[in-house]
>>> print(open('data-v1.txt').read())   # compact mmCIF, N, CA and C atoms
# COMPACT_ATOMS: atom_id res chain seq x y z
N MET A 1 -13.34 9.09 -20.17
CA MET A 1 -12.45 8.19 -19.47
C MET A 1 -11.08 8.86 -19.38
N PHE A 2 -10.44 8.71 -18.23
CA PHE A 2 -9.17 9.36 -17.95
C PHE A 2 -8.24 8.33 -17.33
N VAL A 3 -7.05 8.15 -17.90
CA VAL A 3 -6.09 7.15 -17.42
C VAL A 3 -4.81 7.87 -16.98
N THR A 4 -4.32 7.54 -15.77
CA THR A 4 -3.08 8.13 -15.28
C THR A 4 -2.19 7.05 -14.67
N ARG A 5 -0.92 7.40 -14.48
CA ARG A 5 0.04 6.49 -13.84
C ARG A 5 0.82 7.31 -12.82
N HIS A 6 0.72 6.91 -11.56
CA HIS A 6 1.42 7.60 -10.48
C HIS A 6 1.93 6.57 -9.48
N THR A 7 2.92 6.97 -8.69
CA THR A 7 3.48 6.13 -7.64
C THR A 7 2.76 6.41 -6.33
N VAL A 8 2.47 5.36 -5.57
CA VAL A 8 1.82 5.50 -4.27
C VAL A 8 2.82 6.11 -3.29
N SER A 9 2.39 7.14 -2.58
CA SER A 9 3.23 7.84 -1.60
C SER A 9 3.57 6.91 -0.43
N ALA A 10 4.86 6.87 -0.07
CA ALA A 10 5.28 6.06 1.07
C ALA A 10 4.81 6.65 2.39
N ALA A 11 4.70 7.97 2.44
CA ALA A 11 4.31 8.64 3.69
C ALA A 11 2.82 8.53 3.98
N SER A 12 1.99 8.59 2.94
CA SER A 12 0.55 8.66 3.17
C SER A 12 -0.25 7.49 2.61
N GLY A 13 0.32 6.74 1.68
CA GLY A 13 -0.43 5.65 1.05
C GLY A 13 -1.45 6.15 0.05
N GLN A 14 -1.25 7.36 -0.45
CA GLN A 14 -2.19 7.96 -1.39
C GLN A 14 -1.63 7.93 -2.80
N VAL A 15 -2.55 7.89 -3.76
CA VAL A 15 -2.20 8.01 -5.16
C VAL A 15 -3.08 9.12 -5.74
N PHE A 16 -2.51 9.92 -6.62
CA PHE A 16 -3.23 11.05 -7.20
C PHE A 16 -3.97 10.59 -8.45
N VAL A 17 -5.29 10.74 -8.43
CA VAL A 17 -6.15 10.47 -9.58
C VAL A 17 -6.91 11.77 -9.82
N PRO A 18 -6.39 12.63 -10.70
CA PRO A 18 -6.95 13.98 -10.83
C PRO A 18 -8.47 13.97 -10.93
N PRO A 19 -9.13 14.81 -10.17
CA PRO A 19 -8.65 15.81 -9.21
C PRO A 19 -8.61 15.27 -7.78
N TYR A 20 -8.62 13.97 -7.59
CA TYR A 20 -8.73 13.37 -6.26
C TYR A 20 -7.40 12.82 -5.75
N LYS A 21 -7.25 12.79 -4.42
CA LYS A 21 -6.20 12.04 -3.75
C LYS A 21 -6.89 10.83 -3.14
N VAL A 22 -6.53 9.65 -3.60
CA VAL A 22 -7.20 8.42 -3.19
C VAL A 22 -6.27 7.61 -2.29
N ASN A 23 -6.75 7.24 -1.12
CA ASN A 23 -5.97 6.43 -0.20
C ASN A 23 -6.12 4.96 -0.59
N VAL A 24 -4.99 4.32 -0.90
CA VAL A 24 -4.98 2.88 -1.17
C VAL A 24 -4.26 2.13 -0.06
N GLY A 25 -3.61 2.88 0.84
CA GLY A 25 -2.91 2.28 1.97
C GLY A 25 -1.42 2.20 1.74
N ARG A 26 -0.68 2.32 2.83
CA ARG A 26 0.78 2.27 2.73
C ARG A 26 1.29 0.88 2.37
N ARG A 27 0.41 -0.09 2.40
CA ARG A 27 0.77 -1.43 1.94
C ARG A 27 1.32 -1.38 0.50
N TRP A 28 0.81 -0.42 -0.29
CA TRP A 28 1.18 -0.31 -1.70
C TRP A 28 2.22 0.78 -1.94
N ALA A 29 2.87 1.26 -0.89
CA ALA A 29 3.86 2.34 -1.00
C ALA A 29 4.94 2.00 -2.02
N GLY A 30 5.24 2.97 -2.89
CA GLY A 30 6.28 2.80 -3.89
C GLY A 30 5.83 2.13 -5.17
N HIS A 31 4.64 1.55 -5.19
CA HIS A 31 4.15 0.89 -6.39
C HIS A 31 3.73 1.92 -7.44
N LEU A 32 4.05 1.64 -8.68
CA LEU A 32 3.59 2.45 -9.80
C LEU A 32 2.22 1.93 -10.18
N CYS A 33 1.21 2.78 -10.03
CA CYS A 33 -0.18 2.34 -10.23
C CYS A 33 -0.82 3.03 -11.42
N ASP A 34 -1.62 2.27 -12.14
CA ASP A 34 -2.43 2.81 -13.23
C ASP A 34 -3.83 3.04 -12.68
N SER A 35 -4.36 4.23 -12.96
CA SER A 35 -5.69 4.59 -12.48
C SER A 35 -6.58 4.89 -13.68
N ILE A 36 -7.78 4.37 -13.63
CA ILE A 36 -8.77 4.62 -14.68
C ILE A 36 -9.96 5.29 -14.02
N ARG A 37 -10.29 6.50 -14.51
CA ARG A 37 -11.43 7.23 -13.95
C ARG A 37 -12.43 7.48 -15.06
N ASP A 38 -13.66 7.05 -14.83
CA ASP A 38 -14.77 7.28 -15.75
C ASP A 38 -15.85 7.98 -14.95
N GLY A 39 -15.93 9.31 -15.06
CA GLY A 39 -16.83 10.07 -14.21
C GLY A 39 -16.33 9.99 -12.78
N ASN A 40 -17.17 9.52 -11.88
CA ASN A 40 -16.77 9.37 -10.48
C ASN A 40 -16.33 7.96 -10.14
N HIS A 41 -16.37 7.06 -11.11
CA HIS A 41 -15.95 5.67 -10.88
C HIS A 41 -14.44 5.58 -11.12
N ILE A 42 -13.72 5.05 -10.13
CA ILE A 42 -12.26 4.95 -10.21
C ILE A 42 -11.83 3.51 -9.93
N ALA A 43 -10.91 3.01 -10.76
CA ALA A 43 -10.28 1.71 -10.54
C ALA A 43 -8.77 1.93 -10.54
N ILE A 44 -8.08 1.35 -9.55
CA ILE A 44 -6.63 1.54 -9.41
C ILE A 44 -5.97 0.16 -9.45
N PHE A 45 -4.97 0.02 -10.33
CA PHE A 45 -4.27 -1.24 -10.53
C PHE A 45 -2.79 -1.09 -10.24
N SER A 46 -2.19 -2.13 -9.68
CA SER A 46 -0.74 -2.26 -9.61
C SER A 46 -0.42 -3.46 -10.49
N GLY A 47 0.14 -3.19 -11.65
CA GLY A 47 0.31 -4.25 -12.65
C GLY A 47 -1.07 -4.69 -13.11
N ASN A 48 -1.36 -5.98 -13.00
CA ASN A 48 -2.69 -6.47 -13.37
C ASN A 48 -3.55 -6.76 -12.13
N HIS A 49 -3.11 -6.29 -10.98
CA HIS A 49 -3.81 -6.53 -9.71
C HIS A 49 -4.66 -5.31 -9.35
N LEU A 50 -5.98 -5.50 -9.25
CA LEU A 50 -6.87 -4.43 -8.84
C LEU A 50 -6.69 -4.21 -7.34
N ILE A 51 -6.24 -3.00 -6.95
CA ILE A 51 -6.02 -2.76 -5.52
C ILE A 51 -7.13 -1.94 -4.89
N ARG A 52 -7.87 -1.17 -5.70
CA ARG A 52 -9.02 -0.44 -5.14
C ARG A 52 -9.95 -0.01 -6.26
N GLU A 53 -11.24 -0.10 -5.96
CA GLU A 53 -12.29 0.36 -6.86
C GLU A 53 -13.26 1.16 -6.00
N LEU A 54 -13.69 2.32 -6.49
CA LEU A 54 -14.58 3.15 -5.68
C LEU A 54 -15.38 4.11 -6.54
N GLU A 55 -16.46 4.60 -5.95
CA GLU A 55 -17.22 5.73 -6.48
C GLU A 55 -16.76 6.94 -5.68
N ALA A 56 -16.09 7.88 -6.34
CA ALA A 56 -15.56 9.05 -5.64
C ALA A 56 -16.69 9.98 -5.23
N ASP A 57 -16.53 10.57 -4.06
CA ASP A 57 -17.46 11.59 -3.57
C ASP A 57 -17.01 12.91 -4.20
N PRO A 58 -17.78 13.48 -5.11
CA PRO A 58 -17.35 14.69 -5.81
C PRO A 58 -17.22 15.91 -4.90
N ASN A 59 -17.73 15.82 -3.67
CA ASN A 59 -17.63 16.93 -2.72
C ASN A 59 -16.35 16.88 -1.89
N ARG A 60 -15.54 15.83 -2.09
CA ARG A 60 -14.30 15.67 -1.32
C ARG A 60 -13.13 15.47 -2.26
N ARG A 61 -12.05 16.20 -2.04
CA ARG A 61 -10.84 15.99 -2.84
C ARG A 61 -10.12 14.73 -2.38
N TYR A 62 -10.09 14.50 -1.05
CA TYR A 62 -9.45 13.32 -0.47
C TYR A 62 -10.48 12.20 -0.36
N GLN A 63 -10.15 11.04 -0.90
CA GLN A 63 -11.04 9.88 -0.86
C GLN A 63 -10.44 8.86 0.11
N PRO A 64 -10.98 8.79 1.34
CA PRO A 64 -10.39 7.91 2.36
C PRO A 64 -10.65 6.44 2.08
N ILE A 65 -9.85 5.62 2.73
CA ILE A 65 -10.05 4.17 2.68
C ILE A 65 -11.11 3.83 3.73
N GLN A 66 -11.67 2.64 3.68
CA GLN A 66 -12.72 2.25 4.63
C GLN A 66 -12.22 2.35 6.07
N THR A 67 -13.09 2.77 6.95
CA THR A 67 -12.75 2.89 8.37
C THR A 67 -12.35 1.54 8.93
N GLY A 68 -11.28 1.53 9.71
CA GLY A 68 -10.84 0.29 10.35
C GLY A 68 -9.91 -0.56 9.51
N THR A 69 -9.64 -0.14 8.27
CA THR A 69 -8.74 -0.90 7.42
C THR A 69 -7.30 -0.52 7.74
N ARG A 70 -6.50 -1.50 8.10
CA ARG A 70 -5.09 -1.24 8.40
C ARG A 70 -4.24 -1.87 7.32
N THR A 71 -3.49 -1.05 6.62
CA THR A 71 -2.66 -1.58 5.54
C THR A 71 -1.19 -1.33 5.74
N TYR A 72 -0.81 -0.67 6.84
CA TYR A 72 0.58 -0.27 7.02
C TYR A 72 1.44 -1.36 7.63
N ARG A 73 0.85 -2.41 8.16
CA ARG A 73 1.63 -3.44 8.84
C ARG A 73 2.33 -4.39 7.89
N THR A 74 1.75 -4.58 6.73
CA THR A 74 2.38 -5.43 5.72
C THR A 74 2.53 -4.62 4.44
N ARG A 75 3.58 -4.88 3.72
CA ARG A 75 3.83 -4.17 2.46
C ARG A 75 3.86 -5.20 1.33
N GLU A 76 3.31 -4.81 0.21
CA GLU A 76 3.39 -5.65 -0.98
C GLU A 76 4.76 -5.43 -1.61
N PRO A 77 5.44 -6.49 -2.00
CA PRO A 77 6.75 -6.31 -2.63
C PRO A 77 6.60 -5.61 -3.98
N ILE A 78 7.56 -4.75 -4.30
CA ILE A 78 7.54 -4.06 -5.58
C ILE A 78 8.19 -4.97 -6.60
N LYS A 79 7.47 -5.27 -7.67
CA LYS A 79 7.97 -6.16 -8.71
C LYS A 79 8.81 -5.37 -9.70
N ALA A 80 9.84 -6.00 -10.23
CA ALA A 80 10.68 -5.35 -11.25
C ALA A 80 9.87 -5.19 -12.53
N HIS A 81 10.04 -4.05 -13.17
CA HIS A 81 9.29 -3.77 -14.41
C HIS A 81 10.08 -4.18 -15.61
>>> encode(input="data-v1.txt", output="structure tokens")
Amino acid sequence: MFVTRHTVSAASGQVFVPPYKVNVGRRWAGHLCDSIRDGNHIAIFSGNHLIRELEADPNRRYQPIQTGTRTYRTREPIKAH
């Protein structure tokens, strides 16, 4: 099991979960996210809110979001820590 904490990129909506770049959407831009990786299973949280869960494709470094999902039109407010 591997746990990391990274901020979601405002430009791309990606968060780094070594060795993968996982797209969670620009909706979460600026959020400090905790990522838990157990093998290829990844769960990404913003605070106590699960924002994405996936089985990573080990043949791809970039893990895209589902086709047709638009997350850039609305942004989640960043809560004070």
>>> atom_distance(input="data-v1.txt", atom1="CA of Val22 in chain A", atom2="CA of Leu50 in chain A")
14.0 Å
>>> closest_residue(input="data-v1.txt", among="A:Val17, A:Glu53, A:Tyr62, A:Thr4", to="Asp34 in chain A", atoms="all atoms listed in the file")
A:Thr4
>>> residues_around(input="data-v1.txt", residues="His31 in chain A", least_positions_apart="5", cutoff="8 Å", atoms="all atoms listed in the file", output="list in words")
His6, Thr7, Val8, Ser9, Ala10, Phe45, Ser46, Gly47, Glu76, Pro77, Ile78 and Lys79 of chain A
>>> atom_distance(input="data-v1.txt", atom1="atom C of Pro18 in chain A", atom2="atom C of Arg52 in chain A")
14.8 Å
>>> select_by_dssp(input="data-v1.txt", residues="chain A", states="strand (DSSP E or B)", output="JSON, numbers by chain")
{"A": [2, 3, 4, 5, 6, 7, 14, 15, 16, 17, 20, 21, 22, 23, 32, 33, 34, 35, 36, 37, 38, 41, 42, 43, 44, 45, 46, 49, 50, 51, 52, 53, 54, 55, 62, 63]}
>>> residues_near_point(input="data-v1.txt", point="(-5.1, 6.5, -7.1)", cutoff="8 Å", atoms="only C-alpha atoms", output="list in words")
His6, Val8, Gln14, Val15, Phe16, Val17, Tyr20, Lys21, Val22, Asn23, Val24, Cys33, Asp34, Ser35, Ile42, Ala43 and Ile44 of chain A
>>> write_last_selection(input="data-v1.txt", atoms="N, CA and C atoms", output="PDB file, in the coordinates of the input")
ATOM      1  N   HIS A   6       0.720   6.910 -11.560  1.00  0.00           N
ATOM      2  CA  HIS A   6       1.420   7.600 -10.480  1.00  0.00           C
ATOM      3  C   HIS A   6       1.930   6.570  -9.480  1.00  0.00           C
ATOM      4  N   VAL A   8       2.470   5.360  -5.570  1.00  0.00           N
ATOM      5  CA  VAL A   8       1.820   5.500  -4.270  1.00  0.00           C
ATOM      6  C   VAL A   8       2.820   6.110  -3.290  1.00  0.00           C
ATOM      7  N   GLN A  14      -1.250   7.360  -0.450  1.00  0.00           N
ATOM      8  CA  GLN A  14      -2.190   7.960  -1.390  1.00  0.00           C
ATOM      9  C   GLN A  14      -1.630   7.930  -2.800  1.00  0.00           C
ATOM     10  N   VAL A  15      -2.550   7.890  -3.760  1.00  0.00           N
ATOM     11  CA  VAL A  15      -2.200   8.010  -5.160  1.00  0.00           C
ATOM     12  C   VAL A  15      -3.080   9.120  -5.740  1.00  0.00           C
ATOM     13  N   PHE A  16      -2.510   9.920  -6.620  1.00  0.00           N
ATOM     14  CA  PHE A  16      -3.230  11.050  -7.200  1.00  0.00           C
ATOM     15  C   PHE A  16      -3.970  10.590  -8.450  1.00  0.00           C
ATOM     16  N   VAL A  17      -5.290  10.740  -8.430  1.00  0.00           N
ATOM     17  CA  VAL A  17      -6.150  10.470  -9.580  1.00  0.00           C
ATOM     18  C   VAL A  17      -6.910  11.770  -9.820  1.00  0.00           C
ATOM     19  N   TYR A  20      -8.620  13.970  -7.590  1.00  0.00           N
ATOM     20  CA  TYR A  20      -8.730  13.370  -6.260  1.00  0.00           C
ATOM     21  C   TYR A  20      -7.400  12.820  -5.750  1.00  0.00           C
ATOM     22  N   LYS A  21      -7.250  12.790  -4.420  1.00  0.00           N
ATOM     23  CA  LYS A  21      -6.200  12.040  -3.750  1.00  0.00           C
ATOM     24  C   LYS A  21      -6.890  10.830  -3.140  1.00  0.00           C
ATOM     25  N   VAL A  22      -6.530   9.650  -3.600  1.00  0.00           N
ATOM     26  CA  VAL A  22      -7.200   8.420  -3.190  1.00  0.00           C
ATOM     27  C   VAL A  22      -6.270   7.610  -2.290  1.00  0.00           C
ATOM     28  N   ASN A  23      -6.750   7.240  -1.120  1.00  0.00           N
ATOM     29  CA  ASN A  23      -5.970   6.430  -0.200  1.00  0.00           C
ATOM     30  C   ASN A  23      -6.120   4.960  -0.590  1.00  0.00           C
ATOM     31  N   VAL A  24      -4.990   4.320  -0.900  1.00  0.00           N
ATOM     32  CA  VAL A  24      -4.980   2.880  -1.170  1.00  0.00           C
ATOM     33  C   VAL A  24      -4.260   2.130  -0.060  1.00  0.00           C
ATOM     34  N   CYS A  33       1.210   2.780 -10.030  1.00  0.00           N
ATOM     35  CA  CYS A  33      -0.180   2.340 -10.230  1.00  0.00           C
ATOM     36  C   CYS A  33      -0.820   3.030 -11.420  1.00  0.00           C
ATOM     37  N   ASP A  34      -1.620   2.270 -12.140  1.00  0.00           N
ATOM     38  CA  ASP A  34      -2.430   2.810 -13.230  1.00  0.00           C
ATOM     39  C   ASP A  34      -3.830   3.040 -12.680  1.00  0.00           C
ATOM     40  N   SER A  35      -4.360   4.230 -12.960  1.00  0.00           N
ATOM     41  CA  SER A  35      -5.690   4.590 -12.480  1.00  0.00           C
ATOM     42  C   SER A  35      -6.580   4.890 -13.680  1.00  0.00           C
ATOM     43  N   ILE A  42     -13.720   5.050 -10.130  1.00  0.00           N
ATOM     44  CA  ILE A  42     -12.260   4.950 -10.210  1.00  0.00           C
ATOM     45  C   ILE A  42     -11.830   3.510  -9.930  1.00  0.00           C
ATOM     46  N   ALA A  43     -10.910   3.010 -10.760  1.00  0.00           N
ATOM     47  CA  ALA A  43     -10.280   1.710 -10.540  1.00  0.00           C
ATOM     48  C   ALA A  43      -8.770   1.930 -10.540  1.00  0.00           C
ATOM     49  N   ILE A  44      -8.080   1.350  -9.550  1.00  0.00           N
ATOM     50  CA  ILE A  44      -6.630   1.540  -9.410  1.00  0.00           C
ATOM     51  C   ILE A  44      -5.970   0.160  -9.450  1.00  0.00           C
TER      52      ILE A  44
END
>>> atom_distance(input="data-v1.txt", atom1="CA of Ala29 in chain A", atom2="CA of Asn59 in chain A")
26.0 Å
